[in-house]
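Peer 1: The structure under discussion is supplied below as structure tokens; questions concerning it will follow.
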Amino acid sequence: MYYGGDYNPEQWPEEVWKEDVRLMGEAGVTIVSLGIFAWSRIQEDEGVFDWEWLDRVINLLHENGIQVNMGTATASPPPWATTKYPEMLPQDADGAKYGPGSRQHYAPTSPVYRRLAADLVRELAARYAHHPAVVMWHVNNEYACHLNYDYSDNARDAFRMWLKRKYGTIHALNEAWGTAFWSQIYTSFDQVLPPRKAPYSLNPGGALDFKRFTSDAVLELYVMERDIIRAAGATQPISTNFMGAFYALDYWRWAEEIDIITNDNYPDPNDPQSFRSSAFTLDLMRSLKPGVPWLIMEQSTGALNWRPSNAPKAPGQMEALSAQAIGHGADGILFFQWRQSRRGSEKFHSAMLPQAGTQTRTWREVTKLGGTLKDFPQMAPESHAKVAVVFDWENWWALTHSDHPIQLDYCRLVQRWYAALQAQHVSIDIVKPTGDLSAYSLVVAPQLYLLSDAGAENLSSFVRGGGHLLVSAFTDVVDQDDALREGGYQVGLREVLGVTVEDFGALIAPSSGGGLWSVGDSVAGGSGTGPGQSHASVAGPFGSIRGEHFCEEVRVLGADILGTFTDGRLKGAPALTQQAYGTGRGTYLATIPDDAGMQHVTAWSLAEAGVQPELSGISPWVEVARRGDVLTVINHGSEPEGVPVKGHDVLSGEPVNGVELGPFDWRMVRVTE
Ligand code: GLA
């Protein structure tokens, strides 16, 4: 179990380093991430490197038994670089250049940036590839975090090359993007631009490809650095830190290139439900590389600096969230950062060693956790989940485009479906549409608007082989080009679902209120039958629920009708259908339930698919996470909770026959012997 954090000794005089390693020993630190933002300290001009200070730091750490996760320092180019080569700066969609003076101020496709980064990493890797302290490599930092998209001429040129590789001919691009619409037919790749500012909405196919291109272009940077490190003879695992469900990068694709997944996790302590989105992130990280343990590369000991309001973690909450990560498969807990900065933008960000010193709750909690993680037993990373939730970046990108029947926040919807399942204490994996589904009894595919042919075939074969597939409104609408398919809607899953949607039927968006002036329940409450309807009630085998966003007009082709709309313009029409297909079942829900409705629908689906909770009869504030044969139970609520878990305590080995958990208490219990 790794324990430690980002270490930025370049911010401190050398005398402080000795105190650092002494206190690291006291805290039980085993590893630090070094040099992540040290480019300007390492290299003062092109070709001029100063490694000696870094040698001294690494040797000092090594002598004190602290391992190094070696940062490649490429996330923040030094002032000399951007002064000499301003063409490496990125540009926004309006054409404005981003300036230096912060971090991540480089165009990922800039040949100059790539050359300078490669030069640095080549020197760094040659120097430290065989250093005994270095056990891991940390490439760059949170790729694309601040600069999601670059629209500069560098990006323009690289985008054109990417498109040439993808389409071969400009004719094929025109076909895929449907450029006959609005007179957009290109006669050469040299006419294609990134989706810069335009008078009205841009071509959706082009916008989608630009997102695919950006994820690929940034990944090229990672691969470039990784290959340089390997070429220097390094044998340690190489990684870069992910940011959970991060919009701009398709982590399914990235995970293929990364040795071990590392993630930065910053749930908001002000939000009592944020442990659920945290659980989603942790399950996503585990699922990105099944069977391979992963690390929390960054979390905070307390308050952050970058939200408008930055609450500290409550007593015990940092430890509970660390246990949560381990319970979901993490093999290490690291923080941003070791010692709180005195200057710069992050001086109010909490750290392992706070500005207020060692006579603090933070330090006590940090040293306590270090003690707990020492000699932690090995645990298999698998969850043995029987339930999977589909999450797909390409769909997210396509759904974000304007000009849809209704705007949906895909990531939030997926997390709400996940939370409904998670509150029922089942283990959940996250899968991509083309992922291996053979282990699951129930797959939930929320709002999978863009479904590729391969994804549709994969989900179909899951059902054919006995799986239960639950899909809800606005799913299987367009193909991989964001184009409607021949033959109406739900073409890809039609055989499985036995339905097609005739019309989508947007409802007033939940957050948009009733319009210019409030007209109360008669409109906003949805009792009208016309377009002024904000929700649609559904009666089904799960009782009565309330649907939002859509009430779709469904034509049943072969499915059974299990539920109907009970009010509004579709009163009496099918709302829930199910079809037997192969040895499984395909279920379609023609609306998107509110939170309570999601609980009812998923409870019914779990029962239909025969999925048992890990533990029954416990509060939704208690989380249960399975890892191999270990159940981690955590009380995220404010009241004491009894949990009927039986087995042996992972840390003490003592038998466990039910536990009482106060707020933020947790236990890890091996449930089989
Ligand atoms: C990110 C970065 C760190 C630091 C933290 C602060 O995760 O990787 O360098 O800025 O945020 O929360």
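Ligands are numbered from 1 in the order shown, chains are lettered A, B, ... in the order of the structure tokens, and residues start at 1 in each chain.
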Residues at most 10 Å from region 366-377 of chain A, counting only C-alpha atoms, excluding those fewer than 3 positions away in the same chain, as an MDAnalysis selection string?

Peer 2: chainID A and resid 1:4 23:30 301 318:319 322:323 331:333 351:353 358 360:363 650:651

Peer 1: Store the residues picked out above, limited to C-alpha atoms, as a PDB file, in the first residue's frame.

Peer 2:
```pdb
ATOM      1  CA  MET A   1       0.000   0.000   0.000  1.00  0.00           C
ATOM      2  CA  TYR A   2       1.638   3.240  -1.144  1.00  0.00           C
ATOM      3  CA  TYR A   3       1.275   6.310   1.069  1.00  0.00           C
ATOM      4  CA  GLY A   4       2.520   9.812   0.311  1.00  0.00           C
ATOM      5  CA  LEU A  23       8.505  14.143   9.141  1.00  0.00           C
ATOM      6  CA  MET A  24       7.720  11.859   6.218  1.00  0.00           C
ATOM      7  CA  GLY A  25       9.127   9.059   8.321  1.00  0.00           C
ATOM      8  CA  GLU A  26       6.906  10.109  11.213  1.00  0.00           C
ATOM      9  CA  ALA A  27       3.844  10.143   8.959  1.00  0.00           C
ATOM     10  CA  GLY A  28       4.574   6.736   7.440  1.00  0.00           C
ATOM     11  CA  VAL A  29       5.146   8.150   3.947  1.00  0.00           C
ATOM     12  CA  THR A  30       6.478   5.504   1.551  1.00  0.00           C
ATOM     13  CA  THR A 301      -6.295  16.137   3.604  1.00  0.00           C
ATOM     14  CA  MET A 318     -10.359  11.958   5.080  1.00  0.00           C
ATOM     15  CA  GLU A 319      -9.737   8.514   6.515  1.00  0.00           C
ATOM     16  CA  SER A 322      -9.270   6.803   1.898  1.00  0.00           C
ATOM     17  CA  ALA A 323     -10.892   3.566   3.066  1.00  0.00           C
ATOM     18  CA  ASP A 331      -3.474   0.138  -3.644  1.00  0.00           C
ATOM     19  CA  GLY A 332      -2.217   3.514  -2.550  1.00  0.00           C
ATOM     20  CA  ILE A 333      -3.323   6.798  -1.045  1.00  0.00           C
ATOM     21  CA  ALA A 351      -1.561  19.405   2.679  1.00  0.00           C
ATOM     22  CA  MET A 352      -0.238  16.469   4.673  1.00  0.00           C
ATOM     23  CA  LEU A 353       2.003  18.884   6.549  1.00  0.00           C
ATOM     24  CA  THR A 358       2.232  19.365  13.409  1.00  0.00           C
ATOM     25  CA  THR A 360      -2.994  20.016  14.190  1.00  0.00           C
ATOM     26  CA  ARG A 361      -5.868  17.624  13.584  1.00  0.00           C
ATOM     27  CA  THR A 362      -4.656  17.242  10.000  1.00  0.00           C
ATOM     28  CA  TRP A 363      -1.222  16.024  11.086  1.00  0.00           C
ATOM     29  CA  VAL A 650      -8.947  -7.429   7.822  1.00  0.00           C
ATOM     30  CA  LEU A 651      -6.669  -5.421  10.110  1.00  0.00           C
TER      31      LEU A 651
END
```

Peer 1: What's the 10 Å shell around Ala303 (chain A), counting only C-alpha atoms, without same-chain residues fewer than 2 positions away, as a list in words?

Peer 2: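 Here the answer would be Tyr266, Asp268, Pro269, Ser300, Thr301, Asn305, Trp306, Arg307, Ser309, Asn310, Ala311, Pro312, Lys313, Ala314, Phe348, His349, Ser350 and Ala351 of chain A.
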
Peer 1: List every residue of region 3-98 of chain A that DSSP, applied to the backbone of this structure, places in strand (DSSP E or B), and write the result as a PyMOL selection string.

Peer 2: chain A and resi 3-7+31-34+43-45+48-49+67-71+91+97

Peer 1: Where does chain A meet ligand 1 within 6 Å, residue by residue, with the nearest atom pair and distance in Å to one decimal for each, counting only C-alpha atoms and all ligand atoms, listed by chain and rising number, as CSV?

Peer 2:
```
residue,atom,partner,partner_atom_place_in_ligand_line,distance
A:Asn141,CA,ligand 1,8 (O),5.8
A:Glu142,CA,ligand 1,8 (O),5.5
A:Asp264,CA,ligand 1,7 (O),5.7
A:Leu304,CA,ligand 1,12 (O),5.8
A:Phe336,CA,ligand 1,5 (C),5.8
```

Peer 1: Interatomic distance between CA of Pro90 (chain A) and CA of Tyr7 (chain A)?

Peer 2: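 Spanning CA of Pro90 (chain A) to CA of Tyr7 (chain A) is a straight-line distance of 28.1 Å.
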
Peer 1: Nearest residue to Phe335 (chain A) out of A:Val601, A:Ala356, A:Ile618, A:Leu295, using only C-alpha atoms?

Peer 2: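 The shortest atom-to-atom distance to Phe335 (chain A) comes from A:Leu295.
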
Peer 1: Measuring between only C-alpha atoms, which one of A:Met88, A:Ala607, A:Ala473, A:Val622 shows the shortest distance to Pro640 (chain A)?

Peer 2: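 Closest to Pro640 (chain A), using only C-alpha atoms: A:Val622.
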
Peer 1: Would you compute the distance between CA of Ala207 (chain A) and CA of Pro195 (chain A)? Give it in Å to one decimal.

Peer 2: 6.1 Å

Peer 1: From the set A:Arg343, A:His535, A:Arg114, A:His401, which residue has the shortest atom-to-atom contact distance to Val218 (chain A), counting only C-alpha atoms?

Peer 2: A:Arg114

Peer 1: Of the candidates A:Cys145, A:Val68, A:Ala483, A:Leu54, which one gets nearest to Ala38 (chain A) if we count only C-alpha atoms?

Peer 2: A:Leu54

Peer 1: Tell me, counting only C-alpha atoms, for each residue of region 552-633 of chain A within 7 Å of region 379-385 of chain A, which pair of atoms is nearest and how far apart they are in Å to one decimal, in rows ordered by chain and increasing number, as a tab-separated table.

Peer 2:
```
residue	atom	partner	partner_atom	distance
A:Arg626	CA	A:Ser383	CA	5.2
A:Arg627	CA	A:Ser383	CA	4.8
A:Gly628	CA	A:Ala380	CA	4.9
```

Peer 1: Those same residues - N, CA and C atoms - I'd like them written as a PDB file, in the first residue's frame.

Peer 2:
```pdb
ATOM      1  N   ARG A 626     -17.181  -4.023  -2.380  1.00  0.00           N
ATOM      2  CA  ARG A 626     -16.535  -5.337  -2.362  1.00  0.00           C
ATOM      3  C   ARG A 626     -15.218  -5.289  -3.125  1.00  0.00           C
ATOM      4  N   ARG A 627     -14.244  -5.914  -2.537  1.00  0.00           N
ATOM      5  CA  ARG A 627     -12.941  -6.058  -3.181  1.00  0.00           C
ATOM      6  C   ARG A 627     -12.449  -7.466  -2.898  1.00  0.00           C
ATOM      7  N   GLY A 628     -12.456  -8.325  -3.911  1.00  0.00           N
ATOM      8  CA  GLY A 628     -12.129  -9.728  -3.658  1.00  0.00           C
ATOM      9  C   GLY A 628     -13.102 -10.275  -2.633  1.00  0.00           C
TER      10      GLY A 628
END
```

Peer 1: Could you jot down the CA of Ala255 (chain A) to CA of Leu120 (chain A) separation for me, Å, one decimal place?

Peer 2: 24.4 Å

Peer 1: Could you pull the residues within 12 Å of region 122-132 of chain A, counting only C-alpha atoms, minus those fewer than 5 positions along the same chain, as a ChimeraX atom specification?

Peer 2: /A:34-35,38-39,42-43,47-52,54-55,58-59,61-63,65-74,114-117,137-139,224-238

Peer 1: Let's have the selection written as a short mmCIF file (atom, residue, chain, number, x, y, z; two decimals), in the first residue's frame, with N, CA and C atoms.

Peer 2:
```cif
data_model
loop_
_atom_site.label_atom_id
_atom_site.label_comp_id
_atom_site.auth_asym_id
_atom_site.auth_seq_id
_atom_site.Cartn_x
_atom_site.Cartn_y
_atom_site.Cartn_z
N LEU A 34 7.56 13.43 -7.46
CA LEU A 34 8.60 14.46 -7.42
C LEU A 34 8.74 15.17 -8.76
N GLY A 35 8.93 16.48 -8.68
CA GLY A 35 9.35 17.22 -9.88
C GLY A 35 8.24 17.55 -10.86
N ALA A 38 8.57 21.15 -11.94
CA ALA A 38 9.93 21.66 -11.72
C ALA A 38 10.67 22.01 -13.01
N TRP A 39 9.97 22.09 -14.13
CA TRP A 39 10.68 22.31 -15.41
C TRP A 39 11.58 23.55 -15.34
N ILE A 42 14.64 22.94 -13.36
CA ILE A 42 15.58 21.97 -13.93
C ILE A 42 16.32 22.56 -15.14
N GLN A 43 15.58 23.34 -15.94
CA GLN A 43 16.16 23.78 -17.22
C GLN A 43 16.05 25.29 -17.32
N GLY A 47 18.78 23.43 -23.75
CA GLY A 47 20.06 22.72 -23.65
C GLY A 47 20.80 22.90 -22.33
N VAL A 48 20.25 23.73 -21.42
CA VAL A 48 20.96 23.99 -20.14
C VAL A 48 20.17 23.36 -18.99
N PHE A 49 20.71 22.29 -18.44
CA PHE A 49 20.00 21.56 -17.39
C PHE A 49 20.76 21.63 -16.07
N ASP A 50 20.02 21.70 -14.98
CA ASP A 50 20.64 21.61 -13.66
C ASP A 50 19.97 20.45 -12.92
N TRP A 51 20.68 19.34 -12.87
CA TRP A 51 20.12 18.15 -12.22
C TRP A 51 20.62 17.97 -10.80
N GLU A 52 21.62 18.75 -10.42
CA GLU A 52 22.29 18.40 -9.16
C GLU A 52 21.38 18.50 -7.94
N LEU A 54 18.24 18.06 -7.92
CA LEU A 54 17.28 16.95 -7.95
C LEU A 54 17.97 15.64 -7.54
N ASP A 55 19.22 15.48 -7.96
CA ASP A 55 20.00 14.32 -7.50
C ASP A 55 20.03 14.28 -5.97
N ILE A 58 16.62 13.28 -4.51
CA ILE A 58 16.30 11.86 -4.71
C ILE A 58 17.18 10.99 -3.81
N ASN A 59 18.44 11.36 -3.71
CA ASN A 59 19.33 10.57 -2.86
C ASN A 59 18.92 10.67 -1.39
N LEU A 61 15.92 11.21 -0.25
CA LEU A 61 14.70 10.40 -0.09
C LEU A 61 15.09 8.92 -0.01
N HIS A 62 15.95 8.51 -0.93
CA HIS A 62 16.34 7.10 -0.99
C HIS A 62 17.01 6.65 0.31
N GLU A 63 17.92 7.50 0.79
CA GLU A 63 18.62 7.15 2.05
C GLU A 63 17.63 6.99 3.20
N GLY A 65 14.59 5.79 2.85
CA GLY A 65 13.63 4.72 2.56
C GLY A 65 12.35 5.20 1.89
N ILE A 66 12.40 6.38 1.26
CA ILE A 66 11.18 6.88 0.60
C ILE A 66 11.34 6.73 -0.91
N GLN A 67 10.33 6.11 -1.51
CA GLN A 67 10.40 5.83 -2.94
C GLN A 67 9.91 7.03 -3.74
N VAL A 68 10.26 7.02 -5.02
CA VAL A 68 9.94 8.17 -5.86
C VAL A 68 9.07 7.77 -7.04
N ASN A 69 7.99 8.53 -7.20
CA ASN A 69 7.17 8.49 -8.41
C ASN A 69 7.67 9.69 -9.22
N MET A 70 8.48 9.40 -10.25
CA MET A 70 9.25 10.48 -10.91
C MET A 70 8.39 11.25 -11.91
N GLY A 71 8.15 12.51 -11.60
CA GLY A 71 7.41 13.37 -12.52
C GLY A 71 8.28 13.76 -13.70
N THR A 72 7.65 13.95 -14.86
CA THR A 72 8.45 14.33 -16.04
C THR A 72 8.47 15.84 -16.24
N ALA A 73 7.75 16.59 -15.43
CA ALA A 73 7.88 18.05 -15.35
C ALA A 73 7.40 18.81 -16.59
N THR A 74 6.63 18.15 -17.45
CA THR A 74 6.31 18.80 -18.74
C THR A 74 4.98 19.56 -18.73
N ARG A 114 6.40 19.83 -28.32
CA ARG A 114 6.74 18.39 -28.32
C ARG A 114 8.26 18.19 -28.31
N ARG A 115 8.95 19.01 -29.09
CA ARG A 115 10.41 18.86 -29.13
C ARG A 115 11.02 19.20 -27.77
N LEU A 116 10.59 20.31 -27.18
CA LEU A 116 11.17 20.72 -25.89
C LEU A 116 10.84 19.70 -24.79
N ALA A 117 9.60 19.21 -24.79
CA ALA A 117 9.21 18.21 -23.78
C ALA A 117 10.02 16.94 -23.97
N TRP A 137 6.74 6.18 -12.80
CA TRP A 137 6.90 7.42 -13.56
C TRP A 137 5.55 8.11 -13.67
N HIS A 138 5.59 9.42 -13.49
CA HIS A 138 4.38 10.24 -13.50
C HIS A 138 4.52 11.21 -14.67
N VAL A 139 3.90 10.88 -15.78
CA VAL A 139 4.06 11.67 -17.00
C VAL A 139 3.18 12.91 -16.94
N MET A 224 4.36 9.64 -26.39
CA MET A 224 5.71 10.13 -26.73
C MET A 224 6.62 10.06 -25.50
N GLU A 225 6.15 10.58 -24.38
CA GLU A 225 6.98 10.58 -23.17
C GLU A 225 7.22 9.16 -22.66
N ARG A 226 6.15 8.38 -22.68
CA ARG A 226 6.28 6.99 -22.20
C ARG A 226 7.34 6.25 -23.00
N ASP A 227 7.31 6.40 -24.33
CA ASP A 227 8.25 5.67 -25.17
C ASP A 227 9.69 6.15 -24.94
N ILE A 228 9.85 7.43 -24.66
CA ILE A 228 11.20 7.95 -24.37
C ILE A 228 11.71 7.32 -23.06
N ILE A 229 10.82 7.26 -22.07
CA ILE A 229 11.23 6.68 -20.77
C ILE A 229 11.61 5.22 -20.95
N ARG A 230 10.80 4.49 -21.69
CA ARG A 230 11.10 3.07 -21.93
C ARG A 230 12.41 2.90 -22.70
N ALA A 231 12.59 3.78 -23.71
CA ALA A 231 13.80 3.66 -24.54
C ALA A 231 15.06 3.88 -23.70
N ALA A 232 14.91 4.60 -22.57
CA ALA A 232 16.07 4.82 -21.69
C ALA A 232 16.33 3.60 -20.80
N GLY A 233 15.52 2.58 -20.96
CA GLY A 233 15.74 1.34 -20.20
C GLY A 233 14.95 1.25 -18.91
N ALA A 234 14.02 2.20 -18.68
CA ALA A 234 13.22 2.15 -17.45
C ALA A 234 12.27 0.95 -17.49
N THR A 235 12.17 0.26 -16.37
CA THR A 235 11.27 -0.90 -16.32
C THR A 235 10.10 -0.66 -15.36
N GLN A 236 10.09 0.49 -14.67
CA GLN A 236 9.04 0.77 -13.70
C GLN A 236 7.71 1.04 -14.42
N PRO A 237 6.56 0.87 -13.72
CA PRO A 237 5.29 1.24 -14.33
C PRO A 237 5.24 2.73 -14.66
N ILE A 238 4.57 3.06 -15.75
CA ILE A 238 4.45 4.45 -16.19
C ILE A 238 2.97 4.82 -16.20
#
```
